[in-house]
>>> print(open('model31.tsv').read())   # TSV, C-alpha atoms
chain	number	residue	atom	x	y	z
A	1	MET	CA	-84.69	-62.18	-185.49
A	2	LYS	CA	-83.69	-64.72	-188.13
A	3	TYR	CA	-83.05	-67.91	-186.13
A	4	SER	CA	-84.58	-69.31	-182.96
A	5	ILE	CA	-82.61	-72.20	-181.48
A	6	ILE	CA	-84.87	-74.48	-179.40
A	7	VAL	CA	-83.33	-76.89	-176.90
A	8	PRO	CA	-85.45	-79.22	-174.73
A	9	VAL	CA	-83.55	-80.52	-171.72
A	10	PHE	CA	-84.12	-83.11	-169.02
A	11	ASN	CA	-81.60	-83.33	-166.15
A	12	ARG	CA	-78.55	-82.30	-168.22
A	13	PRO	CA	-77.20	-78.98	-166.91
A	14	ASP	CA	-73.56	-79.78	-167.69
A	15	GLU	CA	-74.31	-80.54	-171.32
A	16	VAL	CA	-76.43	-77.40	-171.66
A	17	ASP	CA	-73.47	-75.42	-170.33
A	18	GLU	CA	-71.23	-76.78	-173.10
A	19	LEU	CA	-73.86	-76.11	-175.76
A	20	LEU	CA	-74.46	-72.52	-174.64
A	21	LYS	CA	-70.72	-71.89	-174.45
A	22	SER	CA	-70.38	-73.00	-178.08
A	23	LEU	CA	-73.21	-70.66	-179.07
A	24	THR	CA	-71.32	-67.66	-177.67
A	25	SER	CA	-68.60	-68.31	-180.28
A	26	GLN	CA	-70.85	-68.34	-183.35
A	27	THR	CA	-69.61	-66.10	-186.15
A	28	TYR	CA	-73.23	-65.39	-187.17
A	29	LYS	CA	-75.02	-63.50	-184.39
A	30	ASP	CA	-78.66	-62.96	-185.40
A	31	PHE	CA	-80.26	-65.65	-183.24
A	32	GLU	CA	-82.02	-66.31	-179.95
A	33	VAL	CA	-81.84	-69.39	-177.75
A	34	ILE	CA	-84.87	-70.96	-176.08
A	35	VAL	CA	-84.14	-73.57	-173.41
A	36	VAL	CA	-87.17	-75.57	-172.27
A	37	GLU	CA	-86.68	-77.49	-169.03
A	38	ASP	CA	-88.91	-80.56	-169.31
A	39	GLY	CA	-89.75	-81.19	-165.65
A	40	SER	CA	-86.14	-81.77	-164.61
A	41	THR	CA	-85.23	-82.41	-160.99
A	42	LYS	CA	-81.69	-81.26	-161.77
A	43	THR	CA	-82.34	-78.01	-163.58
A	44	CYS	CA	-80.06	-75.88	-165.74
A	45	LYS	CA	-81.47	-72.49	-164.67
A	46	ASP	CA	-78.22	-71.44	-162.98
A	47	VAL	CA	-76.35	-72.39	-166.14
A	48	CYS	CA	-78.71	-70.31	-168.29
A	49	ASP	CA	-78.43	-67.36	-165.90
A	50	LYS	CA	-74.67	-67.43	-166.47
A	51	TYR	CA	-75.20	-66.76	-170.20
A	52	ALA	CA	-78.17	-64.40	-169.90
A	53	ASP	CA	-76.05	-61.28	-170.53
A	54	ILE	CA	-74.08	-62.88	-173.38
A	55	LEU	CA	-76.83	-64.53	-175.44
A	56	SER	CA	-80.40	-63.60	-176.29
A	57	LEU	CA	-81.50	-66.43	-174.03
A	58	HIS	CA	-84.95	-67.41	-172.76
A	59	TYR	CA	-85.36	-70.11	-170.13
A	60	TYR	CA	-88.66	-71.85	-169.41
A	61	TYR	CA	-89.58	-74.56	-166.94
A	62	LYS	CA	-92.61	-76.79	-167.55
A	63	GLU	CA	-94.02	-80.10	-166.37
A	64	ASN	CA	-92.60	-83.20	-168.00
A	65	SER	CA	-94.30	-84.07	-171.29
A	66	GLY	CA	-91.50	-85.40	-173.48
A	67	PRO	CA	-89.07	-83.72	-175.89
A	68	GLY	CA	-91.55	-83.24	-178.74
A	69	GLN	CA	-94.03	-81.26	-176.68
A	70	SER	CA	-91.19	-79.27	-175.12
A	71	ARG	CA	-90.03	-78.26	-178.60
A	72	ASN	CA	-93.57	-77.15	-179.40
A	73	TYR	CA	-93.61	-75.13	-176.18
A	74	GLY	CA	-90.44	-73.38	-177.26
A	75	ALA	CA	-91.67	-72.86	-180.82
A	76	GLU	CA	-94.79	-71.07	-179.55
A	77	ARG	CA	-92.53	-68.53	-177.86
A	78	ALA	CA	-89.97	-68.18	-180.65
A	79	LYS	CA	-89.54	-64.97	-182.62
A	80	GLY	CA	-87.24	-66.20	-185.37
A	81	GLU	CA	-88.12	-66.73	-189.01
A	82	TRP	CA	-86.41	-70.12	-188.80
A	83	LEU	CA	-86.58	-72.65	-185.97
A	84	ILE	CA	-83.46	-74.72	-185.31
A	85	ILE	CA	-84.04	-77.80	-183.17
A	86	LEU	CA	-81.04	-79.12	-181.25
A	87	ASP	CA	-80.63	-81.82	-178.62
A	88	SER	CA	-79.06	-80.72	-175.36
A	89	ASP	CA	-76.09	-83.08	-175.84
A	90	VAL	CA	-74.63	-81.34	-178.90
A	91	VAL	CA	-71.85	-78.77	-179.24
A	92	LEU	CA	-71.60	-76.44	-182.24
A	93	PRO	CA	-68.52	-75.42	-184.19
A	94	GLU	CA	-68.22	-71.66	-184.51
A	95	GLY	CA	-69.27	-71.67	-188.17
A	96	TYR	CA	-72.48	-73.70	-187.70
A	97	LEU	CA	-74.99	-70.86	-188.15
A	98	GLN	CA	-72.87	-69.22	-190.83
A	99	ALA	CA	-72.98	-72.45	-192.83
A	100	ILE	CA	-76.78	-72.51	-192.60
A	101	ASN	CA	-77.09	-68.85	-193.50
A	102	GLU	CA	-75.03	-69.31	-196.67
A	103	GLU	CA	-77.31	-72.05	-198.02
A	104	SER	CA	-80.29	-71.39	-200.30
A	105	PRO	CA	-83.47	-70.81	-198.26
A	106	ILE	CA	-85.78	-73.83	-198.21
A	107	ALA	CA	-88.61	-75.11	-196.00
A	108	ALA	CA	-86.61	-77.58	-193.91
A	109	PHE	CA	-83.07	-78.84	-193.53
A	110	GLY	CA	-80.76	-80.85	-191.32
A	111	GLY	CA	-77.09	-81.52	-190.80
A	112	PRO	CA	-74.81	-84.41	-189.83
A	113	ASP	CA	-73.08	-85.10	-186.54
A	114	ALA	CA	-69.52	-86.01	-185.60
A	115	SER	CA	-67.33	-87.06	-182.70
A	116	HIS	CA	-65.21	-84.42	-180.97
A	117	PRO	CA	-61.56	-85.19	-180.12
A	118	SER	CA	-62.32	-84.48	-176.45
A	119	PHE	CA	-64.96	-87.21	-176.26
A	120	THR	CA	-64.18	-90.21	-174.07
A	121	PRO	CA	-63.21	-93.48	-175.81
A	122	VAL	CA	-66.68	-94.87	-175.03
A	123	GLN	CA	-68.37	-91.83	-176.59
A	124	LYS	CA	-66.18	-92.14	-179.67
A	125	ALA	CA	-67.02	-95.84	-179.93
A	126	ILE	CA	-70.74	-95.08	-179.63
A	127	SER	CA	-70.42	-92.33	-182.23
A	128	TYR	CA	-68.70	-94.79	-184.57
A	129	SER	CA	-71.44	-97.38	-184.14
A	130	MET	CA	-74.14	-94.80	-184.89
A	131	THR	CA	-72.51	-93.56	-188.09
A	132	SER	CA	-70.69	-96.56	-189.54
A	133	PHE	CA	-71.77	-98.31	-192.72
A	134	PHE	CA	-71.09	-101.63	-190.96
A	135	THR	CA	-73.77	-100.99	-188.32
A	136	THR	CA	-76.47	-99.49	-190.59
A	137	GLY	CA	-75.53	-96.15	-189.02
A	138	GLY	CA	-75.32	-94.64	-192.47
A	139	ILE	CA	-79.12	-94.58	-192.74
A	140	ARG	CA	-79.24	-91.74	-190.22
A	141	GLY	CA	-78.04	-89.12	-192.66
A	142	GLY	CA	-74.71	-87.45	-193.07
A	143	LYS	CA	-73.97	-87.94	-196.73
A	144	LYS	CA	-75.91	-86.96	-199.81
A	145	LYS	CA	-78.03	-89.90	-200.89
A	146	LEU	CA	-80.42	-90.68	-203.68
A	147	ASP	CA	-83.24	-91.27	-201.21
A	148	LYS	CA	-85.08	-88.49	-199.38
A	149	PHE	CA	-83.30	-86.90	-196.44
A	150	TYR	CA	-85.09	-86.95	-193.09
A	151	PRO	CA	-83.58	-84.55	-190.51
A	152	ARG	CA	-83.22	-85.69	-186.90
A	153	SER	CA	-83.84	-83.67	-183.76
A	154	PHE	CA	-80.17	-83.39	-182.84
A	155	ASN	CA	-79.72	-81.02	-185.81
A	156	MET	CA	-82.91	-79.93	-187.58
A	157	GLY	CA	-84.13	-76.65	-189.04
A	158	ILE	CA	-87.53	-75.61	-190.36
A	159	ARG	CA	-89.22	-72.40	-191.41
A	160	ARG	CA	-91.53	-71.26	-188.62
A	161	ASP	CA	-94.64	-70.98	-190.81
A	162	VAL	CA	-94.12	-74.58	-192.00
A	163	TYR	CA	-93.72	-75.74	-188.40
A	164	GLN	CA	-97.01	-74.04	-187.50
A	165	GLN	CA	-98.74	-75.43	-190.58
A	166	LEU	CA	-97.82	-78.99	-189.56
A	167	GLY	CA	-98.68	-78.46	-185.90
A	168	GLY	CA	-95.17	-79.22	-184.69
A	169	PHE	CA	-94.25	-82.50	-183.05
A	170	THR	CA	-96.87	-85.06	-182.07
A	171	LYS	CA	-97.14	-86.73	-178.66
A	172	MET	CA	-95.27	-89.73	-180.00
A	173	ARG	CA	-92.69	-90.63	-177.33
A	174	PHE	CA	-90.06	-92.47	-179.39
A	175	GLY	CA	-89.13	-91.44	-182.92
A	176	GLU	CA	-91.10	-88.21	-182.78
A	177	ASP	CA	-88.45	-86.42	-184.83
A	178	ILE	CA	-88.61	-88.97	-187.66
A	179	ASP	CA	-92.40	-88.77	-187.55
A	180	PHE	CA	-92.10	-84.99	-187.94
A	181	SER	CA	-89.68	-85.37	-190.87
A	182	TYR	CA	-92.07	-87.82	-192.56
A	183	ARG	CA	-94.91	-85.31	-192.17
A	184	ILE	CA	-92.74	-82.55	-193.67
A	185	VAL	CA	-92.16	-84.69	-196.77
A	186	GLU	CA	-95.80	-85.82	-196.92
A	187	ALA	CA	-96.83	-82.14	-196.93
A	188	GLY	CA	-94.88	-81.69	-200.17
A	189	TYR	CA	-91.65	-80.19	-198.83
A	190	ASN	CA	-88.19	-81.54	-199.57
A	191	PRO	CA	-85.80	-81.29	-196.59
A	192	GLN	CA	-82.18	-80.75	-197.61
A	193	LEU	CA	-78.95	-81.94	-196.05
A	194	PHE	CA	-76.48	-79.15	-195.28
A	195	PRO	CA	-73.19	-81.09	-194.93
A	196	ASP	CA	-71.28	-78.08	-193.56
A	197	ALA	CA	-73.84	-77.44	-190.80
A	198	TRP	CA	-72.62	-80.28	-188.60
A	199	VAL	CA	-72.57	-80.68	-184.83
A	200	TRP	CA	-70.55	-82.61	-182.29
A	201	HIS	CA	-73.01	-85.07	-180.78
A	202	LYS	CA	-72.27	-86.73	-177.45
A	203	ARG	CA	-75.22	-89.13	-177.34
A	204	ARG	CA	-74.91	-91.49	-174.38
A	205	THR	CA	-71.93	-91.73	-172.05
A	206	ASP	CA	-72.10	-95.45	-171.26
A	207	PHE	CA	-73.33	-98.65	-172.86
A	208	ARG	CA	-76.31	-99.08	-170.51
A	209	LYS	CA	-77.78	-95.71	-171.48
A	210	PHE	CA	-76.89	-96.35	-175.10
A	211	TRP	CA	-78.82	-99.65	-175.01
A	212	ARG	CA	-81.93	-97.86	-173.75
A	213	GLN	CA	-81.61	-95.24	-176.48
A	214	VAL	CA	-81.35	-97.69	-179.36
A	215	TYR	CA	-83.93	-100.01	-177.78
A	216	ASN	CA	-86.41	-97.13	-177.89
A	217	SER	CA	-85.44	-96.49	-181.52
A	218	GLY	CA	-86.35	-100.10	-182.33
A	219	ILE	CA	-89.69	-99.61	-180.63
A	220	ALA	CA	-90.24	-96.44	-182.63
A	221	ARG	CA	-89.76	-98.13	-185.99
A	222	ILE	CA	-92.95	-100.22	-185.73
A	223	ASN	CA	-94.86	-97.21	-184.39
A	224	LEU	CA	-93.64	-95.14	-187.33
A	225	GLU	CA	-94.76	-97.80	-189.80
A	226	LYS	CA	-98.20	-97.77	-188.18
A	227	ARG	CA	-98.41	-93.99	-188.57
A	228	HIS	CA	-96.75	-93.84	-192.00
A	229	PRO	CA	-97.42	-97.10	-193.89
A	230	GLY	CA	-94.70	-98.02	-196.34
A	231	THR	CA	-91.84	-96.31	-194.48
A	232	LEU	CA	-90.48	-99.59	-193.11
A	233	LYS	CA	-87.55	-100.51	-195.37
A	234	LEU	CA	-85.38	-103.60	-195.63
A	235	VAL	CA	-82.49	-101.80	-193.91
A	236	HIS	CA	-84.67	-101.31	-190.81
A	237	LEU	CA	-84.97	-105.07	-190.48
A	238	LEU	CA	-81.22	-105.70	-190.48
A	239	PRO	CA	-80.67	-105.13	-186.73
A	240	THR	CA	-83.42	-107.65	-185.97
A	241	VAL	CA	-81.88	-110.17	-188.36
A	242	PHE	CA	-78.52	-109.55	-186.71
A	243	THR	CA	-80.04	-110.04	-183.24
A	244	LEU	CA	-81.61	-113.34	-184.21
A	245	GLY	CA	-78.34	-114.37	-185.86
A	246	VAL	CA	-76.40	-113.69	-182.64
A	247	ILE	CA	-78.91	-115.74	-180.66
A	248	PHE	CA	-78.66	-118.69	-183.06
A	249	CYS	CA	-74.86	-118.51	-183.13
A	250	CYS	CA	-74.72	-118.55	-179.34
A	251	LEU	CA	-77.18	-121.43	-179.14
A	252	GLY	CA	-75.09	-123.29	-181.70
A	253	PHE	CA	-71.96	-122.70	-179.62
A	254	VAL	CA	-73.63	-123.96	-176.43
A	255	THR	CA	-74.99	-127.04	-178.21
A	256	THR	CA	-71.69	-128.01	-179.82
A	257	PHE	CA	-69.81	-127.31	-176.59
A	258	VAL	CA	-72.13	-129.64	-174.67
A	259	PHE	CA	-71.71	-132.29	-177.40
A	260	SER	CA	-67.93	-131.90	-177.14
A	261	LEU	CA	-68.11	-132.54	-173.39
A	262	LEU	CA	-70.05	-135.70	-174.14
A	263	SER	CA	-67.38	-136.63	-176.71
A	264	ILE	CA	-70.01	-136.59	-179.46
A	265	VAL	CA	-68.11	-133.99	-181.49
A	266	ASN	CA	-64.56	-132.70	-181.48
A	267	CYS	CA	-64.17	-129.86	-178.93
A	268	GLN	CA	-62.44	-127.72	-181.55
A	269	LEU	CA	-65.67	-127.62	-183.55
A	270	SER	CA	-67.53	-125.83	-180.76
A	271	ILE	CA	-66.05	-122.50	-181.83
A	272	LEU	CA	-67.39	-122.75	-185.40
A	273	PRO	CA	-70.87	-121.31	-184.68
A	274	LEU	CA	-69.21	-118.16	-183.31
A	275	THR	CA	-67.00	-117.65	-186.36
A	276	PRO	CA	-69.33	-115.14	-188.13
A	277	LEU	CA	-69.52	-113.03	-184.97
A	278	LEU	CA	-65.76	-113.10	-184.49
A	279	ILE	CA	-65.17	-112.05	-188.10
A	280	TYR	CA	-67.68	-109.21	-187.73
A	281	ALA	CA	-66.07	-108.08	-184.46
A	282	LEU	CA	-62.64	-108.07	-186.11
A	283	LEU	CA	-63.98	-106.02	-189.03
A	284	ILE	CA	-65.49	-103.44	-186.66
A	285	CYS	CA	-62.31	-103.23	-184.59
A	286	ILE	CA	-60.08	-102.69	-187.63
A	287	ASP	CA	-62.36	-100.13	-189.28
A	288	SER	CA	-62.94	-98.12	-186.10
A	289	THR	CA	-59.25	-98.21	-185.19
A	290	ARG	CA	-58.43	-96.84	-188.63
A	291	GLN	CA	-61.06	-94.09	-188.45
A	292	ASN	CA	-60.39	-93.02	-184.87
A	293	LYS	CA	-56.65	-93.71	-184.94
A	294	SER	CA	-57.01	-95.50	-181.62
A	295	PHE	CA	-56.88	-99.23	-180.94
A	296	ARG	CA	-58.71	-98.70	-177.64
A	297	VAL	CA	-61.62	-97.01	-179.41
A	298	GLY	CA	-61.52	-99.81	-181.96
A	299	LEU	CA	-61.91	-102.43	-179.23
A	300	LEU	CA	-64.72	-100.48	-177.54
A	301	SER	CA	-66.48	-100.15	-180.88
A	302	VAL	CA	-67.09	-103.91	-180.89
A	303	PRO	CA	-69.45	-103.91	-177.86
A	304	ALA	CA	-70.85	-100.56	-179.06
A	305	ALA	CA	-71.79	-102.11	-182.41
A	306	PHE	CA	-73.39	-105.13	-180.76
A	307	VAL	CA	-75.33	-102.89	-178.37
A	308	GLN	CA	-76.47	-100.66	-181.21
A	309	LEU	CA	-77.72	-103.50	-183.40
A	310	MET	CA	-79.09	-105.81	-180.72
A	311	GLY	CA	-80.66	-103.02	-178.68
A	312	TYR	CA	-82.52	-101.81	-181.75
A	313	GLY	CA	-83.39	-105.38	-182.74
A	314	CYS	CA	-84.81	-106.24	-179.31
A	315	GLY	CA	-86.89	-103.05	-179.23
A	316	PHE	CA	-88.17	-103.80	-182.72
A	317	ILE	CA	-89.19	-107.35	-181.72
A	318	GLU	CA	-90.98	-106.13	-178.58
A	319	SER	CA	-92.84	-103.45	-180.52
A	320	TRP	CA	-93.77	-105.89	-183.29
A	321	TRP	CA	-95.17	-108.31	-180.69
A	322	LYS	CA	-97.18	-105.69	-178.82
A	323	ARG	CA	-98.42	-103.70	-181.79
A	324	CYS	CA	-98.76	-106.29	-184.57
A	325	VAL	CA	-99.48	-109.52	-182.67
A	326	LEU	CA	-101.30	-108.34	-179.55
A	327	GLY	CA	-102.92	-105.43	-181.38
A	328	LYS	CA	-102.20	-102.76	-178.75
A	329	ASP	CA	-102.15	-99.12	-179.74
A	330	GLU	CA	-99.11	-96.94	-179.21
A	331	PHE	CA	-100.09	-95.53	-175.82
A	332	GLN	CA	-101.40	-98.83	-174.42
A	333	ALA	CA	-98.24	-100.66	-175.36
A	334	TYR	CA	-95.89	-98.15	-173.73
A	335	GLU	CA	-98.01	-96.43	-171.12
A	336	LYS	CA	-95.26	-96.64	-168.48
A	337	ASN	CA	-92.79	-94.87	-170.78
A	338	PHE	CA	-94.81	-91.67	-171.15
A	339	TYR	CA	-93.16	-89.35	-170.63
A	340	LYS	CA	-89.97	-89.40	-168.57
>>> encode(input="model31.tsv", output="structure tokens")
Amino acid sequence: MKYSIIVPVFNRPDEVDELLKSLTSQTYKDFEVIVVEDGSTKTCKDVCDKYADILSLHYYYKENSGPGQSRNYGAERAKGEWLIILDSDVVLPEGYLQAINEESPIAAFGGPDASHPSFTPVQKAISYSMTSFFTTGGIRGGKKKLDKFYPRSFNMGIRRDVYQQLGGFTKMRFGEDIDFSYRIVEAGYNPQLFPDAWVWHKRRTDFRKFWRQVYNSGIARINLEKRHPGTLKLVHLLPTVFTLGVIFCCLGFVTTFVFSLLSIVNCQLSILPLTPLLIYALLICIDSTRQNKSFRVGLLSVPAAFVQLMGYGCGFIESWWKRCVLGKDEFQAYEKNFYK
């Protein structure tokens, strides 16, 4: 067995169904699939049973312990030479495994993600915000860069002996995949980006869930810096700067509006503090409309961009306060979030 595909899942049977269906169409066939149900109340066992005679599929149910530990659980039972880590909300094009198999063998790799034409306008807007240069989405990986490439758990591959050498994923709740990528590099390996091994990635289906996702990513950034000093870069601070900028712009608008009511300033001046935000929103709308060929997606990309940046920024500020100011350790600061 050459490849073992490991998929942790929590209450997402419909998405698992789509992922498994895409795996039945792979042009390269030497692989097994390991689905690890992480304490779900809405399981995907019936879905997996449907594909049991089509795929080399192994389904396991375990108590909830988070995605990282679920991946480790699957890796312990894997038979493949290579472990491919996927999130349950991805769908694979038929040439995904073939693209990986045609690359030169290395210790670890990853691939980019994209939006599928069938995605809802909200999903397309969220996908845009997570990949656009204008939202710092470009730092996630998807193009060849001069800096090191750090694979993410939605599309990550690693040789099984390297996985075992590193001990797999830690118990870190947020950002555990980036932590793992950092440890791969620190161990002397050089993960490569395989541009042709891309996936369709659904992410979240509404802005509320998307906020929670990026908020947790902001939390993770401080925790990652604590574990891997020196990994916090200027680009990671941009969402926090943006968040503070939005707050100050809104405060400026409220202040000038109140002054205009008191006839202290001209009422037309009250809109000036919001001008930078309006220009940014217009830029996002135009760029997303052009990329997605949809004005509706372009409009939805404006709130998506603000959610992405401000959610991350707020999580970053909370984590900085708890970890750096109050001095709490990772588990004390987020005890209620472990693990579900």
>>> closest_residue(input="model31.tsv", among="A:Gly218, A:Gly315, A:Pro229, A:Pro105", to="Ile158 of chain A", atoms="all atoms listed in the file")
A:Pro105
>>> atom_distance(input="model31.tsv", atom1="atom CA of Arg183 of chain A", atom2="atom CA of Phe31 of chain A")
26.1 Å
>>> residues_around(input="model31.tsv", residues="Tyr3 of chain A", least_positions_apart="3", cutoff="8 Å", atoms="all atoms listed in the file", output="list of chain:residue names")
A:Asp30, A:Phe31, A:Glu32, A:Lys79, A:Gly80, A:Glu81, A:Trp82, A:Leu83, A:Ile84
>>> atom_distance(input="model31.tsv", atom1="atom CA of Tyr59 of chain A", atom2="atom CA of Val35 of chain A")
4.9 Å
>>> residues_near_point(input="model31.tsv", point="(-73.7, -81.8, -180.4)", cutoff="6 Å", atoms="all atoms listed in the file", output="number ranges by chain")
A: 89-91, 199-202
>>> atom_distance(input="model31.tsv", atom1="atom CA of Phe149 of chain A", atom2="atom CA of Thr131 of chain A")
15.2 Å
>>> residues_around(input="model31.tsv", residues="segment 298-306 of chain A", least_positions_apart="6", cutoff="10 Å", atoms="all atoms listed in the file", output="ChimeraX atom specification")
/A:121-130,132,134-137,206-207,210-211,239,242-243,246,277-278,280-292,312
>>> closest_residue(input="model31.tsv", among="A:Val325, A:Ala220, A:Val33, A:Leu238", to="Gly175 of chain A", atoms="only C-alpha atoms")
A:Ala220
>>> closest_residue(input="model31.tsv", among="A:Ser4, A:Thr231, A:Ser104, A:Asn223", to="Gly74 of chain A", atoms="only C-alpha atoms")
A:Ser4
>>> closest_residue(input="model31.tsv", among="A:Asp113, A:Glu103, A:Glu186, A:Asp53", to="Met156 of chain A", atoms="only C-alpha atoms")
A:Asp113
>>> residues_around(input="model31.tsv", residues="Tyr61 of chain A", least_positions_apart="4", cutoff="8 Å", atoms="only C-alpha atoms", output="PyMOL selection string")
chain A and resi 36-39
>>> residues_around(input="model31.tsv", residues="Phe180 of chain A", least_positions_apart="2", cutoff="9 Å", atoms="only C-alpha atoms", output="number ranges by chain")
A: 150-152, 166, 168-170, 175-178, 182-185
>>> closest_residue(input="model31.tsv", among="A:Ile34, A:Val307, A:Ala99, A:Ala75", to="Val214 of chain A", atoms="all atoms listed in the file")
A:Val307
>>> closest_residue(input="model31.tsv", among="A:Glu18, A:Val254, A:Ser88, A:Gly110", to="Arg204 of chain A", atoms="all atoms listed in the file")
A:Ser88
>>> residues_near_point(input="model31.tsv", point="(-82.2, -85.8, -171.4)", cutoff="10 Å", atoms="all atoms listed in the file", output="PDB file with C-alpha atoms, in the coordinates of the input")
ATOM      1  CA  PRO A   8     -85.450 -79.220-174.730  1.00  0.00           C
ATOM      2  CA  VAL A   9     -83.550 -80.520-171.720  1.00  0.00           C
ATOM      3  CA  PHE A  10     -84.120 -83.110-169.020  1.00  0.00           C
ATOM      4  CA  ASN A  11     -81.600 -83.330-166.150  1.00  0.00           C
ATOM      5  CA  ARG A  12     -78.550 -82.300-168.220  1.00  0.00           C
ATOM      6  CA  PRO A  13     -77.200 -78.980-166.910  1.00  0.00           C
ATOM      7  CA  GLU A  15     -74.310 -80.540-171.320  1.00  0.00           C
ATOM      8  CA  GLU A  37     -86.680 -77.490-169.030  1.00  0.00           C
ATOM      9  CA  ASP A  38     -88.910 -80.560-169.310  1.00  0.00           C
ATOM     10  CA  SER A  40     -86.140 -81.770-164.610  1.00  0.00           C
ATOM     11  CA  GLY A  66     -91.500 -85.400-173.480  1.00  0.00           C
ATOM     12  CA  PRO A  67     -89.070 -83.720-175.890  1.00  0.00           C
ATOM     13  CA  ASP A  87     -80.630 -81.820-178.620  1.00  0.00           C
ATOM     14  CA  SER A  88     -79.060 -80.720-175.360  1.00  0.00           C
ATOM     15  CA  ASP A  89     -76.090 -83.080-175.840  1.00  0.00           C
ATOM     16  CA  ARG A 203     -75.220 -89.130-177.340  1.00  0.00           C
ATOM     17  CA  ARG A 204     -74.910 -91.490-174.380  1.00  0.00           C
ATOM     18  CA  LYS A 340     -89.970 -89.400-168.570  1.00  0.00           C
TER      19      LYS A 340
END
>>> decode(input="model31.tsv", residues="segment 83-96 of chain A", atoms="N, CA, C and O atoms", output="CSV table (one decimal), in the first residue's frame")
chain,number,residue,atom,x,y,z
A,83,LEU,N,1.5,9.0,4.3
A,83,LEU,CA,0.3,9.4,5.0
A,83,LEU,C,-0.2,10.7,4.4
A,83,LEU,O,0.6,11.7,4.3
A,84,ILE,N,-1.4,10.8,3.9
A,84,ILE,CA,-2.0,12.0,3.4
A,84,ILE,C,-3.1,12.4,4.3
A,84,ILE,O,-4.1,11.7,4.6
A,85,ILE,N,-2.9,13.6,4.9
A,85,ILE,CA,-3.9,14.2,5.8
A,85,ILE,C,-4.8,15.1,5.1
A,85,ILE,O,-4.4,16.1,4.4
A,86,LEU,N,-6.1,14.8,5.2
A,86,LEU,CA,-7.1,15.7,4.6
A,86,LEU,C,-8.2,16.1,5.6
A,86,LEU,O,-8.5,15.3,6.5
A,87,ASP,N,-8.7,17.3,5.5
A,87,ASP,CA,-9.9,17.7,6.3
A,87,ASP,C,-11.1,17.1,5.7
A,87,ASP,O,-11.2,16.8,4.4
A,88,SER,N,-12.2,16.9,6.5
A,88,SER,CA,-13.4,16.2,6.0
A,88,SER,C,-14.2,17.1,5.0
A,88,SER,O,-15.1,16.6,4.3
A,89,ASP,N,-13.8,18.4,4.9
A,89,ASP,CA,-14.6,19.3,4.1
A,89,ASP,C,-13.9,19.6,2.8
A,89,ASP,O,-14.1,20.7,2.2
A,90,VAL,N,-13.1,18.7,2.3
A,90,VAL,CA,-12.5,18.8,1.0
A,90,VAL,C,-13.0,17.8,0.0
A,90,VAL,O,-13.6,16.8,0.4
A,91,VAL,N,-12.9,18.1,-1.3
A,91,VAL,CA,-13.3,17.3,-2.4
A,91,VAL,C,-12.1,17.2,-3.3
A,91,VAL,O,-11.5,18.3,-3.6
A,92,LEU,N,-11.7,16.0,-3.9
A,92,LEU,CA,-10.5,15.9,-4.7
A,92,LEU,C,-10.9,15.8,-6.1
A,92,LEU,O,-11.8,15.0,-6.5
A,93,PRO,N,-10.1,16.5,-7.0
A,93,PRO,CA,-10.2,16.2,-8.4
A,93,PRO,C,-9.7,14.8,-8.7
A,93,PRO,O,-8.9,14.3,-8.0
A,94,GLU,N,-10.1,14.3,-9.8
A,94,GLU,CA,-9.7,12.9,-10.1
A,94,GLU,C,-8.2,12.6,-10.3
A,94,GLU,O,-7.7,11.5,-10.1
A,95,GLY,N,-7.5,13.7,-10.6
A,95,GLY,CA,-6.0,13.5,-10.8
A,95,GLY,C,-5.2,13.9,-9.6
A,95,GLY,O,-4.0,14.0,-9.7
A,96,TYR,N,-5.8,14.0,-8.4
A,96,TYR,CA,-5.1,14.5,-7.2
A,96,TYR,C,-3.9,13.5,-6.8
A,96,TYR,O,-2.8,13.9,-6.7
